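Note: the block below is input-v5.cif and it holds mmCIF, C-alpha atoms.
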data_my_file
#
loop_
_atom_site.label_atom_id
_atom_site.label_comp_id
_atom_site.auth_asym_id
_atom_site.auth_seq_id
_atom_site.Cartn_x
_atom_site.Cartn_y
_atom_site.Cartn_z
CA MET A 1 27.43 -5.67 49.79
CA GLU A 2 26.50 -5.70 46.10
CA ILE A 3 24.53 -2.64 45.05
CA LYS A 4 21.54 -3.53 42.90
CA LYS A 5 21.45 -1.81 39.53
CA GLN A 6 18.42 0.31 38.69
CA THR A 7 16.71 -0.96 35.56
CA TYR A 8 15.10 1.30 32.95
CA ILE A 9 12.92 0.25 30.03
CA PHE A 10 12.12 2.78 27.29
CA TYR A 11 9.20 1.93 25.01
CA ASP A 12 8.17 3.34 21.68
CA VAL A 13 4.35 3.40 21.65
CA ASP A 14 2.78 3.03 18.18
CA GLY A 15 3.64 -0.38 16.77
CA THR A 16 5.38 -1.42 19.99
CA LEU A 17 2.87 -1.15 22.84
CA ALA A 18 -0.25 -0.59 20.75
CA GLN A 19 -1.57 -0.03 17.29
CA PRO A 20 -1.96 3.70 16.47
CA PHE A 21 -4.59 5.38 18.67
CA GLN A 22 -5.54 2.06 20.26
CA SER A 23 -5.16 0.75 23.79
CA PRO A 24 -2.39 -1.77 24.54
CA PRO A 25 -3.65 -5.39 24.75
CA GLU A 26 -4.71 -6.60 28.19
CA LYS A 27 -1.92 -9.18 28.50
CA LEU A 28 0.68 -6.47 27.87
CA LYS A 29 -0.95 -4.29 30.53
CA LYS A 30 -0.60 -7.19 33.00
CA VAL A 31 3.08 -7.54 32.20
CA ILE A 32 3.86 -3.82 32.43
CA LYS A 33 1.96 -3.44 35.70
CA GLY A 34 3.91 -6.36 37.18
CA ILE A 35 7.23 -4.92 36.04
CA ASP A 36 6.27 -1.64 37.70
CA LYS A 37 5.56 -3.46 40.97
CA ALA A 38 9.11 -4.80 40.83
CA GLY A 39 10.42 -1.21 40.91
CA ILE A 40 11.66 -1.17 37.33
CA LYS A 41 11.31 2.25 35.74
CA GLN A 42 9.36 2.22 32.45
CA ILE A 43 9.27 5.32 30.25
CA LEU A 44 7.01 5.81 27.22
CA CYS A 45 8.67 7.48 24.20
CA SER A 46 6.62 8.63 21.22
CA GLY A 47 5.90 11.31 18.67
CA LYS A 48 2.57 11.88 20.47
CA ASN A 49 2.12 14.88 22.74
CA LYS A 50 2.78 14.80 26.46
CA GLU A 51 -0.90 14.70 27.49
CA TYR A 52 -1.61 11.63 25.36
CA LEU A 53 1.41 9.77 26.79
CA ALA A 54 0.60 10.80 30.35
CA GLY A 55 -2.88 9.31 29.97
CA MET A 56 -1.44 6.09 28.58
CA ALA A 57 1.11 5.80 31.39
CA ARG A 58 -1.67 6.16 33.96
CA SER A 59 -3.84 3.57 32.19
CA LEU A 60 -0.94 1.12 32.17
CA GLY A 61 -0.54 1.47 35.94
CA ILE A 62 3.00 2.85 35.80
CA GLU A 63 3.82 4.34 39.20
CA SER A 64 7.58 3.87 39.71
CA THR A 65 8.24 6.87 37.48
CA SER A 66 6.09 9.63 36.03
CA HIS A 67 8.46 10.64 33.26
CA ILE A 68 7.49 10.38 29.61
CA ILE A 69 9.39 11.37 26.46
CA ALA A 70 7.05 13.06 24.00
CA GLU A 71 7.23 14.57 20.51
CA ASN A 72 9.83 12.09 19.25
CA GLY A 73 12.35 13.23 21.87
CA GLY A 74 11.49 16.93 21.82
CA VAL A 75 10.01 17.02 25.33
CA ILE A 76 10.66 15.20 28.62
CA TYR A 77 7.69 15.64 30.95
CA ASP A 78 6.81 14.63 34.51
CA TRP A 79 3.06 14.06 34.36
CA ARG A 80 2.63 13.72 38.12
CA LYS A 81 4.27 17.09 38.85
CA MET A 82 3.03 18.54 35.53
CA LYS A 83 6.55 19.79 34.87
CA ILE A 84 8.52 19.96 31.63
CA HIS A 85 12.11 18.94 32.41
CA TYR A 86 13.47 19.33 28.91
CA LYS A 87 12.49 20.96 25.66
CA ASN A 88 14.88 20.48 22.74
CA PRO A 89 15.90 23.98 21.55
CA ASP A 90 16.14 22.85 17.92
CA GLY A 91 12.60 21.56 18.14
CA GLU A 92 11.35 24.89 19.44
CA LYS A 93 12.58 26.52 16.24
CA VAL A 94 9.88 24.63 14.32
CA ARG A 95 7.12 26.62 15.98
CA LYS A 96 8.20 29.83 14.24
CA HIS A 97 7.13 28.21 10.95
CA LYS A 98 3.61 27.43 12.14
CA GLU A 99 1.94 30.46 10.52
CA LYS A 100 3.56 29.68 7.18
CA ILE A 101 2.56 26.00 7.41
CA LEU A 102 -1.07 26.89 8.10
CA SER A 103 -1.12 29.34 5.22
CA GLU A 104 -0.16 26.50 2.83
CA ILE A 105 -3.19 24.44 3.84
CA LYS A 106 -5.62 27.34 3.97
CA GLY A 107 -9.03 26.39 2.61
CA ASN A 108 -8.72 22.75 3.71
CA LYS A 109 -10.38 21.27 6.77
CA PHE A 110 -7.88 20.07 9.37
CA ALA A 111 -7.21 19.66 13.09
CA GLU A 112 -4.00 20.54 14.90
CA GLU A 113 -2.46 18.43 17.69
CA ALA A 114 -1.09 20.54 20.55
CA LYS A 115 2.70 20.13 20.70
CA GLU A 116 5.74 22.06 21.93
CA THR A 117 8.41 21.17 19.35
CA ILE A 118 6.53 19.66 16.38
CA VAL A 119 3.74 20.98 14.20
CA THR A 120 1.25 18.16 13.60
CA ILE A 121 -1.90 18.62 11.56
CA PHE A 122 -4.54 16.08 10.57
CA MET A 123 -6.16 16.64 7.20
CA GLU A 124 -9.83 15.77 6.85
CA ASP A 125 -9.36 14.86 3.18
CA LEU A 126 -6.81 12.04 3.34
CA ASP A 127 -6.27 12.03 -0.42
CA LYS A 128 -4.88 15.58 -0.32
CA THR A 129 -2.29 14.81 2.37
CA PRO A 130 0.68 13.87 0.09
CA ALA A 131 0.27 16.93 -2.14
CA LEU A 132 -0.07 19.29 0.82
CA ALA A 133 3.02 17.82 2.47
CA LYS A 134 4.98 18.51 -0.72
CA ARG A 135 3.61 22.06 -0.81
CA ILE A 136 4.72 22.67 2.79
CA THR A 137 8.17 21.25 2.07
CA LYS A 138 8.64 23.58 -0.90
CA ALA A 139 7.35 26.63 0.98
CA LEU A 140 9.58 26.12 4.03
CA ASN A 141 12.67 25.22 1.99
CA ASP A 142 14.70 24.48 5.12
CA PRO A 143 17.15 21.53 5.04
CA ASP A 144 17.00 21.24 8.85
CA LEU A 145 13.28 20.49 8.77
CA ALA A 146 11.66 17.14 8.02
CA ILE A 147 8.10 16.92 6.72
CA LYS A 148 6.36 13.56 6.79
CA HIS A 149 2.82 12.49 6.01
CA TYR A 150 0.93 9.36 7.04
CA LYS A 151 -2.03 7.26 5.96
CA ASP A 152 -4.22 8.66 8.74
CA GLY A 153 -3.99 12.14 7.21
CA ALA A 154 -1.35 13.47 9.58
CA ILE A 155 1.46 15.79 8.48
CA ASP A 156 4.40 16.27 10.84
CA VAL A 157 6.90 19.12 10.59
CA PHE A 158 9.87 18.62 12.90
CA HIS A 159 13.56 19.41 13.22
CA SER A 160 15.83 16.71 11.84
CA LYS A 161 18.26 17.05 14.78
CA VAL A 162 15.58 16.15 17.34
CA ASN A 163 15.29 12.45 18.18
CA LYS A 164 14.63 10.04 21.04
CA GLY A 165 18.33 9.28 21.42
CA LYS A 166 19.14 12.89 22.33
CA ALA A 167 16.33 12.81 24.88
CA LEU A 168 17.81 9.68 26.48
CA GLU A 169 21.22 11.38 26.63
CA TYR A 170 19.66 14.27 28.55
CA TYR A 171 17.65 11.91 30.74
CA PHE A 172 20.64 9.94 31.99
CA LYS A 173 22.81 13.02 32.41
CA ASN A 174 20.28 15.13 34.30
CA LEU A 175 17.34 13.11 35.63
CA THR A 176 18.85 9.93 37.08
CA GLU A 177 21.12 9.18 40.00
CA SER A 178 22.30 5.86 38.60
CA SER A 179 25.67 5.83 36.84
CA ASP A 180 25.52 2.06 36.28
CA ALA A 181 21.99 1.38 35.13
CA GLN A 182 20.64 -1.60 33.22
CA VAL A 183 18.80 -0.27 30.16
CA PHE A 184 16.45 -1.84 27.59
CA THR A 185 15.01 0.05 24.62
CA PHE A 186 11.98 -1.17 22.62
CA GLY A 187 11.14 0.13 19.15
CA ASP A 188 10.03 -0.85 15.66
CA GLY A 189 10.38 2.20 13.37
CA VAL A 190 13.25 4.18 11.87
CA ASN A 191 12.47 7.07 14.25
CA ASP A 192 13.49 4.69 17.06
CA LEU A 193 16.99 3.99 15.72
CA GLU A 194 18.80 6.59 17.85
CA MET A 195 17.02 5.36 20.98
CA LEU A 196 17.94 1.75 20.16
CA GLU A 197 21.62 2.68 20.41
CA PHE A 198 21.17 2.69 24.20
CA GLY A 199 21.36 -0.41 26.39
CA THR A 200 19.97 -3.68 25.07
CA PRO A 201 17.73 -2.98 22.05
CA VAL A 202 14.54 -4.99 21.44
CA THR A 203 12.41 -5.16 18.32
CA PHE A 204 9.86 -7.40 16.63
CA ALA A 205 9.28 -9.64 13.62
CA ASP A 206 7.27 -6.96 11.76
CA ALA A 207 9.63 -4.05 12.51
CA HIS A 208 11.23 -2.00 9.76
CA PRO A 209 14.07 -4.04 8.15
CA GLU A 210 16.57 -1.31 9.02
CA VAL A 211 15.56 -1.56 12.68
CA ILE A 212 15.87 -5.37 12.72
CA ARG A 213 19.31 -5.11 11.14
CA ALA A 214 20.47 -2.48 13.66
CA VAL A 215 19.21 -4.49 16.64
CA LYS A 216 20.95 -7.65 15.42
CA ASN A 217 24.18 -5.70 14.87
CA ARG A 218 24.06 -4.61 18.52
CA ASN A 219 23.34 -8.16 19.73
CA GLY A 220 19.86 -7.15 20.81
CA LEU A 221 16.67 -9.18 20.91
CA VAL A 222 14.35 -9.66 17.92
CA SER A 223 11.04 -11.15 19.05
CA GLU A 224 9.48 -13.87 16.92
CA LYS A 225 6.06 -12.21 17.28
CA ASP A 226 4.77 -8.95 15.79
CA GLY A 227 4.27 -5.60 17.46
CA PRO A 228 2.60 -5.48 20.90
CA ASP A 229 2.51 -9.28 21.11
CA GLY A 230 6.24 -9.24 20.44
CA ALA A 231 6.72 -6.85 23.37
CA VAL A 232 4.89 -9.33 25.63
CA GLU A 233 7.11 -12.16 24.37
CA ALA A 234 10.31 -10.16 24.85
CA LEU A 235 9.39 -9.04 28.37
CA SER A 236 8.40 -12.62 29.26
CA ASN A 237 11.78 -13.88 28.10
CA LEU A 238 13.75 -11.12 29.83
CA SER A 239 11.88 -11.84 33.08
CA SER A 240 12.29 -15.62 32.99
CA ASP A 241 15.88 -15.64 31.67
CA GLY A 242 17.25 -13.68 34.61
CA LEU A 243 17.67 -10.22 33.05
CA LEU A 244 14.58 -8.94 34.89
CA PRO A 245 14.47 -11.52 37.69
CA GLU A 246 12.71 -9.21 40.14
CA ALA A 247 9.79 -8.89 37.73
CA PHE A 248 9.03 -12.58 37.20
CA ASN A 249 7.07 -12.97 40.44
CA HIS A 250 4.88 -9.97 39.61
CA ILE A 251 3.93 -10.16 35.94
CA GLY A 252 0.41 -11.40 35.26
CA PHE A 253 1.05 -12.98 31.86
CA ALA A 254 3.99 -14.73 30.23
CA TYR A 255 4.77 -16.50 27.02
CA ARG A 256 6.80 -19.64 27.56
CA PRO A 257 8.46 -22.03 25.08
CA TRP A 258 5.56 -24.46 25.61
CA GLY A 259 2.72 -21.88 25.41
CA SER A 260 1.64 -19.28 27.96
CA TRP A 261 0.28 -18.69 31.45
CA GLU A 262 -1.94 -15.92 32.81
CA VAL A 263 -2.84 -15.00 36.39
CA LEU A 264 -6.62 -14.78 36.72
CA SER A 265 -6.93 -14.17 40.46
CA THR A 266 -4.82 -13.97 43.61
CA GLY A 267 -5.59 -13.85 47.32
CA ASP A 268 -4.33 -14.86 50.75
CA GLY A 269 -2.73 -18.25 50.18
CA PHE A 270 -4.05 -18.89 46.67
CA LYS A 271 -3.46 -18.05 43.01
CA VAL A 272 -5.55 -19.01 39.97
CA LYS A 273 -3.80 -19.28 36.61
CA LYS A 274 -4.75 -20.23 33.07
CA MET A 275 -2.15 -22.38 31.29
CA VAL A 276 -2.20 -22.95 27.52
CA VAL A 277 0.08 -25.75 26.30
CA LYS A 278 0.64 -25.88 22.54
CA PRO A 279 0.26 -29.19 20.62
CA GLY A 280 3.26 -31.48 20.88
CA LEU A 281 4.88 -29.50 23.72
CA LYS A 282 5.45 -30.10 27.42
CA LEU A 283 6.62 -28.39 30.59
CA SER A 284 9.79 -29.35 32.42
CA LEU A 285 9.76 -32.16 35.00
CA GLN A 286 9.56 -30.27 38.31
CA LYS A 287 8.36 -29.97 41.88
CA HIS A 288 7.39 -27.14 44.23
CA LYS A 289 8.62 -26.68 47.79
CA HIS A 290 5.90 -24.30 48.98
CA ARG A 291 2.70 -24.96 47.07
CA SER A 292 0.24 -27.58 45.93
CA GLU A 293 -1.62 -27.36 42.62
CA HIS A 294 -5.04 -28.48 41.46
CA TRP A 295 -5.42 -28.72 37.68
CA PHE A 296 -8.78 -28.56 35.88
CA VAL A 297 -8.70 -29.49 32.18
CA PHE A 298 -11.02 -27.24 30.15
CA GLU A 299 -9.81 -27.97 26.61
CA GLY A 300 -7.90 -30.93 25.19
CA THR A 301 -6.39 -33.89 26.99
CA ALA A 302 -3.51 -33.56 29.47
CA THR A 303 -0.85 -36.26 29.70
CA VAL A 304 0.39 -35.92 33.27
CA THR A 305 3.52 -37.45 34.76
CA LEU A 306 3.10 -37.69 38.55
CA ASN A 307 5.74 -39.35 40.76
CA GLY A 308 6.72 -41.73 37.97
CA SER A 309 3.20 -42.63 36.82
CA THR A 310 1.63 -41.40 33.56
CA LEU A 311 -2.04 -40.39 33.56
CA LYS A 312 -4.43 -39.01 30.94
CA ILE A 313 -6.76 -36.28 32.18
CA ASN A 314 -9.56 -35.61 29.72
CA HIS A 315 -11.66 -32.48 29.21
CA GLY A 316 -13.82 -31.81 32.29
CA ASN A 317 -11.64 -33.76 34.72
CA ASP A 318 -9.02 -32.69 37.24
CA ILE A 319 -5.94 -33.80 39.14
CA TYR A 320 -4.37 -32.73 42.44
CA ILE A 321 -0.58 -32.19 42.67
CA ARG A 322 0.70 -32.29 46.23
CA LYS A 323 3.57 -30.14 47.45
CA GLU A 324 6.96 -31.77 46.61
CA ALA A 325 5.33 -34.15 44.09
CA ILE A 326 7.41 -34.59 40.93
CA HIS A 327 5.25 -33.77 37.95
CA ARG A 328 4.89 -32.44 34.42
CA VAL A 329 2.13 -31.95 31.88
CA SER A 330 2.34 -32.66 28.14
CA ASN A 331 0.01 -31.97 25.25
CA ARG A 332 0.06 -34.90 22.82
CA GLY A 333 -3.05 -33.68 21.01
CA LYS A 334 -3.46 -31.57 17.86
CA SER A 335 -5.09 -28.54 19.50
CA ASP A 336 -4.31 -26.31 22.49
CA LEU A 337 -4.50 -27.80 25.96
CA VAL A 338 -6.13 -25.35 28.40
CA ILE A 339 -5.76 -25.91 32.14
CA ILE A 340 -7.04 -23.79 35.01
CA GLU A 341 -4.53 -24.18 37.83
CA VAL A 342 -5.37 -23.38 41.45
CA GLN A 343 -2.29 -22.96 43.63
CA ARG A 344 -2.36 -23.09 47.42
CA GLY A 345 0.46 -22.29 49.82
CA LYS A 346 2.15 -19.67 51.98
CA TYR A 347 4.48 -18.71 49.12
CA LEU A 348 3.27 -18.62 45.51
CA GLY A 349 6.15 -17.00 43.62
CA GLU A 350 6.92 -18.14 40.10
CA ASP A 351 10.45 -18.99 41.22
CA ASP A 352 9.19 -21.85 43.41
CA ILE A 353 10.19 -24.40 40.77
CA VAL A 354 12.77 -27.12 41.27
CA LYS A 355 13.56 -28.68 37.91
CA ILE A 356 14.31 -32.38 37.94
CA LYS A 357 17.11 -33.70 35.78
CA GLU A 358 16.02 -36.49 33.45
#

Final structure tokens representation of the file:
Amino acid sequence: MEIKKQTYIFYDVDGTLAQPFQSPPEKLKKVIKGIDKAGIKQILCSGKNKEYLAGMARSLGIESTSHIIAENGGVIYDWRKMKIHYKNPDGEKVRKHKEKILSEIKGNKFAEEAKETIVTIFMEDLDKTPALAKRITKALNDPDLAIKHYKDGAIDVFHSKVNKGKALEYYFKNLTESSDAQVFTFGDGVNDLEMLEFGTPVTFADAHPEVIRAVKNRNGLVSEKDGPDGAVEALSNLSSDGLLPEAFNHIGFAYRPWGSWEVLSTGDGFKVKKMVVKPGLKLSLQKHKHRSEHWFVFEGTATVTLNGSTLKINHGNDIYIRKEAIHRVSNRGKSDLVIIEVQRGKYLGEDDIVKIKE
């Protein structure tokens, strides 16, 4: 009997799942929640502290694992058990410099983010941030430390030997039972490069050029879309192309070559979906063994092929597709075609599609 591989997906957060200090988009939440239902382990990896990432993991509905990797790889934390599994010893050395760092910004208004292996401060006066970062760098004078500042007024002081890649090394050596796992890593910034050396790397159209180059060199996936939308596209493709086959029947949103679909409601024997077909595109010619479909056209005009006949269904009208009927829909218009699809049947999985050769 073939033993099924455990799949792990590691996500950077800012720029990958969400814009800084914002919630991930709803369609991405639907995809991540569906992947979790399939038993795939998803781990958030970020420079943020463990409490912030724990809250995000809960809001995303991740239940198959409660591990997160915080502080850019400095800490591995189980938020359900409230247990720190790993704290990078090099990162802990940074804390001894905290008093000196604070003395360099004395007299300025700031807030400190609670962390175990990084000192992060947010300056109230954003214009002073670059100069203060330079002052801290000069005062510490330690080649093992990295000091970075950001547009939001943050200054990070961290150890240059601490990174997400080292955290993944520890994770697979000490916190997993799978010696033959399938791994995907998602990231967009240079602080993700070490993590992207694991498994199949994924990045996005607006990622740092160095990241895009590294992912291509490792035969990874570069999404055509930016940031969080690119994560949705990549996960849609991985699910539909057979690399995450167990997830495809659970995800609530997917980009497809012809547009997108989104699950609006499900119940005993029914599913309601919204389909958006882009201008000039069409779905494959297909039939379903287990379900019927009722299409309601809300925007545009649908050109429907049904058992050899071609019909035009205008805005406000509908068409019923019986089980086993051979059908397809095309959008020959110049704007999006929007269809609300009501499925009925005992089995409503996305894999109930029999494509017809033309």

Determine the residue set returned by the PyMOL selection byres ((chain A and resi 108-120) around 6) for the present structure, and present it as a tab-separated table (two decimals) with C-alpha atoms, in the frame of the given file.
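Output file out-v2.tsv follows:
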chain	number	residue	atom	x	y	z
A	49	ASN	CA	2.12	14.88	22.74
A	74	GLY	CA	11.49	16.93	21.82
A	91	GLY	CA	12.60	21.56	18.14
A	92	GLU	CA	11.35	24.89	19.44
A	105	ILE	CA	-3.19	24.44	3.84
A	106	LYS	CA	-5.62	27.34	3.97
A	107	GLY	CA	-9.03	26.39	2.61
A	121	ILE	CA	-1.90	18.62	11.56
A	122	PHE	CA	-4.54	16.08	10.57
A	123	MET	CA	-6.16	16.64	7.20
A	124	GLU	CA	-9.83	15.77	6.85
A	155	ILE	CA	1.46	15.79	8.48
A	156	ASP	CA	4.40	16.27	10.84
A	157	VAL	CA	6.90	19.12	10.59
A	158	PHE	CA	9.87	18.62	12.90

Find the nearest atom pair between each residue of range 112-198 of chain A and range 97-102 of chain A for residues within 8 Å, count only C-alpha atoms, give distances in Å to one decimal, sort rows by chain and ascending number, and present the table as a tab-separated table.
residue	atom	partner	partner_atom	distance
A:Val119	CA	A:Lys98	CA	6.8
A:Ile136	CA	A:Ile101	CA	6.1
A:Ala139	CA	A:Lys100	CA	7.9
A:Leu140	CA	A:His97	CA	7.6

Skip Asn307 in chain A itself and residues of its chain fewer than 3 positions away, then list as a list in words all residues within 8 Å of it, counting all atoms listed in the file.
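My reading of the contact set: Ala325, Ile326 and His327 of chain A.
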
Sorted per-residue table, range 207-256 of chain A near range 164-185 of chain A, closest atoms and distance, 12 Å, only C-alpha atoms, as a Markdown table:
| residue | atom | partner | partner_atom | distance |
| --- | --- | --- | --- | --- |
| A:Val215 | CA | A:Thr185 | CA | 10.1 |
| A:Arg218 | CA | A:Thr185 | CA | 11.9 |
| A:Gly220 | CA | A:Phe184 | CA | 9.3 |
| A:Leu221 | CA | A:Phe184 | CA | 9.9 |
| A:Val222 | CA | A:Thr185 | CA | 11.8 |
| A:Ala231 | CA | A:Thr185 | CA | 10.9 |
| A:Ala234 | CA | A:Phe184 | CA | 10.7 |
| A:Leu235 | CA | A:Phe184 | CA | 10.1 |
| A:Leu238 | CA | A:Phe184 | CA | 9.9 |
| A:Leu243 | CA | A:Gln182 | CA | 9.1 |
| A:Leu244 | CA | A:Gln182 | CA | 9.7 |

Please work out which residues fall within 12 Å of (-0.9, 7.2, 7.5), coordinates as given in the file, with all atoms listed in the file counting, and return them as a ChimeraX atom specification.
/A:20-21,122-123,126-127,129-130,148-156

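Among A:Lys134, A:Arg328, A:Arg322, A:Lys5, the residue with the shortest atom-to-atom distance to Ser309 in chain A, counting all atoms listed in the file, is A:Arg328.
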
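Applied to the file shown here, the PyMOL selection byres ((chain A and resi 337-343) around 6) selects the residues Phe270, Lys271, Val272, Lys273, Lys274, Met275, Val276, Val277, Ser292, Glu293, His294, Trp295, Phe296, Val297, Phe298, Glu299, Gly300, Asp336 and Arg344 of chain A.
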
I'd like to know which of A:Val202, A:Val354, A:Val31, A:Ala54 is closest to Lys216 in chain A, using all atoms listed in the file.
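Among the listed residues, A:Val202 lies closest to Lys216 in chain A.
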
So what does the PyMOL selection byres ((chain A and resi 187-193) around 8) actually pick up in this one, as number ranges by chain?
A: 11-13, 15-16, 72, 163-165, 185-186, 194-197, 201-204, 206-208, 210-212, 214, 227

May I have the selected residues written with C-alpha atoms, as a compact mmCIF listing (two decimals), in the frame of the given file?
# COMPACT_ATOMS: atom_id res chain seq x y z
CA TYR A 11 9.20 1.93 25.01
CA ASP A 12 8.17 3.34 21.68
CA VAL A 13 4.35 3.40 21.65
CA GLY A 15 3.64 -0.38 16.77
CA THR A 16 5.38 -1.42 19.99
CA ASN A 72 9.83 12.09 19.25
CA ASN A 163 15.29 12.45 18.18
CA LYS A 164 14.63 10.04 21.04
CA GLY A 165 18.33 9.28 21.42
CA THR A 185 15.01 0.05 24.62
CA PHE A 186 11.98 -1.17 22.62
CA GLU A 194 18.80 6.59 17.85
CA MET A 195 17.02 5.36 20.98
CA LEU A 196 17.94 1.75 20.16
CA GLU A 197 21.62 2.68 20.41
CA PRO A 201 17.73 -2.98 22.05
CA VAL A 202 14.54 -4.99 21.44
CA THR A 203 12.41 -5.16 18.32
CA PHE A 204 9.86 -7.40 16.63
CA ASP A 206 7.27 -6.96 11.76
CA ALA A 207 9.63 -4.05 12.51
CA HIS A 208 11.23 -2.00 9.76
CA GLU A 210 16.57 -1.31 9.02
CA VAL A 211 15.56 -1.56 12.68
CA ILE A 212 15.87 -5.37 12.72
CA ALA A 214 20.47 -2.48 13.66
CA GLY A 227 4.27 -5.60 17.46

Just want the 9 Å neighbourhood of Pro228 in chain A, counted on only C-alpha atoms, with same-chain residues fewer than 4 positions away dropped. Output as a VMD selection string.
chain A and resid 14 to 19 24 to 25 28 204 232 to 233

Extending 4 Å beyond the listed atoms of range 334-352 of chain A on each side, what axis-aligned box results? I want centre and edge lengths in Å to one decimal, as lines of an AutoDock Vina configuration file.
center_x = 1.7
center_y = -24.3
center_z = 34.9
size_x = 25.5
size_y = 22.6
size_z = 42.1

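Between CA of Lys287 in chain A and CA of Trp261 in chain A the interatomic distance comes to 17.4 Å.
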
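Going from CA of Asp36 in chain A to CA of Ile62 in chain A covers 5.9 Å.
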
With all atoms listed in the file as the basis for distance, which of A:Ala302, A:Leu281, A:Ala247, A:Leu264 is at the shortest distance from Lys37 in chain A?
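The closest residue to Lys37 in chain A is A:Ala247.
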
May I ask which of the residues A:Lys346, A:Lys289, A:His315, A:Lys96 is the closest one to Gly267 in chain A, counting only C-alpha atoms?
A:Lys346

Given all atoms listed in the file as the basis, pick out the residue of A:Pro279, A:Gly73, A:Gly316, A:Gly252 nearest to Lys161 in chain A.
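Closest to Lys161 in chain A, using all atoms listed in the file: A:Gly73.
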
Extract, using only C-alpha atoms, all DNA, RNA and protein residues at most 7 Å from Ile69 in chain A, discarding same-chain residues fewer than 2 positions from it, and format them as a PyMOL selection string.
chain A and resi 44-46+67+73+75-77

With C-alpha atoms retained, export the selected residues as an mmCIF file, in the frame of the given file.
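Just written: out.cif:
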data_model
loop_
_atom_site.group_PDB
_atom_site.id
_atom_site.type_symbol
_atom_site.label_atom_id
_atom_site.label_comp_id
_atom_site.auth_asym_id
_atom_site.auth_seq_id
_atom_site.Cartn_x
_atom_site.Cartn_y
_atom_site.Cartn_z
ATOM 1 C CA LEU A 44 7.010 5.810 27.220
ATOM 2 C CA CYS A 45 8.670 7.480 24.200
ATOM 3 C CA SER A 46 6.620 8.630 21.220
ATOM 4 C CA HIS A 67 8.460 10.640 33.260
ATOM 5 C CA GLY A 73 12.350 13.230 21.870
ATOM 6 C CA VAL A 75 10.010 17.020 25.330
ATOM 7 C CA ILE A 76 10.660 15.200 28.620
ATOM 8 C CA TYR A 77 7.690 15.640 30.950
#

Which of these residues is nearest to Ser330 in chain A, using only C-alpha atoms: A:Tyr52, A:Tyr347, A:Gly259, A:Asn317?
A:Gly259

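One finds CA of His250 in chain A at 6.8 Å from CA of Ala38 in chain A.
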
Output file: range 282-294 of chain A, N, CA and C atoms, as a JSON list (two decimals), in the first residue's frame:
[["chain", "number", "residue", "atom", "x", "y", "z"],
["A", 282, "LYS", "N", -13.38, 30.54, -22.51],
["A", 282, "LYS", "CA", -14.42, 29.52, -22.37],
["A", 282, "LYS", "C", -13.93, 28.39, -21.49],
["A", 283, "LEU", "N", -14.87, 27.64, -20.94],
["A", 283, "LEU", "CA", -14.55, 26.46, -20.16],
["A", 283, "LEU", "C", -14.38, 25.27, -21.10],
["A", 284, "SER", "N", -13.88, 24.18, -20.57],
["A", 284, "SER", "CA", -13.74, 22.97, -21.38],
["A", 284, "SER", "C", -15.11, 22.36, -21.65],
["A", 285, "LEU", "N", -15.22, 21.59, -22.74],
["A", 285, "LEU", "CA", -16.42, 20.82, -23.01],
["A", 285, "LEU", "C", -16.44, 19.66, -22.03],
["A", 286, "GLN", "N", -17.55, 19.48, -21.27],
["A", 286, "GLN", "CA", -17.51, 18.53, -20.16],
["A", 286, "GLN", "C", -18.90, 18.02, -19.82],
["A", 287, "LYS", "N", -18.91, 17.04, -18.91],
["A", 287, "LYS", "CA", -20.17, 16.56, -18.33],
["A", 287, "LYS", "C", -19.90, 16.14, -16.89],
["A", 288, "HIS", "N", -20.97, 15.95, -16.12],
["A", 288, "HIS", "CA", -20.86, 15.56, -14.72],
["A", 288, "HIS", "C", -21.65, 14.28, -14.49],
["A", 289, "LYS", "N", -21.06, 13.36, -13.77],
["A", 289, "LYS", "CA", -21.72, 12.07, -13.50],
["A", 289, "LYS", "C", -22.69, 12.14, -12.33],
["A", 290, "HIS", "N", -22.46, 13.07, -11.40],
["A", 290, "HIS", "CA", -23.20, 13.04, -10.14],
["A", 290, "HIS", "C", -24.07, 14.26, -9.88],
["A", 291, "ARG", "N", -23.99, 15.29, -10.69],
["A", 291, "ARG", "CA", -24.72, 16.50, -10.37],
["A", 291, "ARG", "C", -25.37, 17.13, -11.60],
["A", 292, "SER", "N", -26.44, 17.87, -11.32],
["A", 292, "SER", "CA", -27.03, 18.77, -12.32],
["A", 292, "SER", "C", -26.64, 20.19, -11.94],
["A", 293, "GLU", "N", -26.79, 21.11, -12.90],
["A", 293, "GLU", "CA", -26.44, 22.51, -12.65],
["A", 293, "GLU", "C", -27.51, 23.42, -13.23],
["A", 294, "HIS", "N", -27.79, 24.48, -12.50],
["A", 294, "HIS", "CA", -28.74, 25.49, -12.97],
["A", 294, "HIS", "C", -27.98, 26.82, -12.99]]
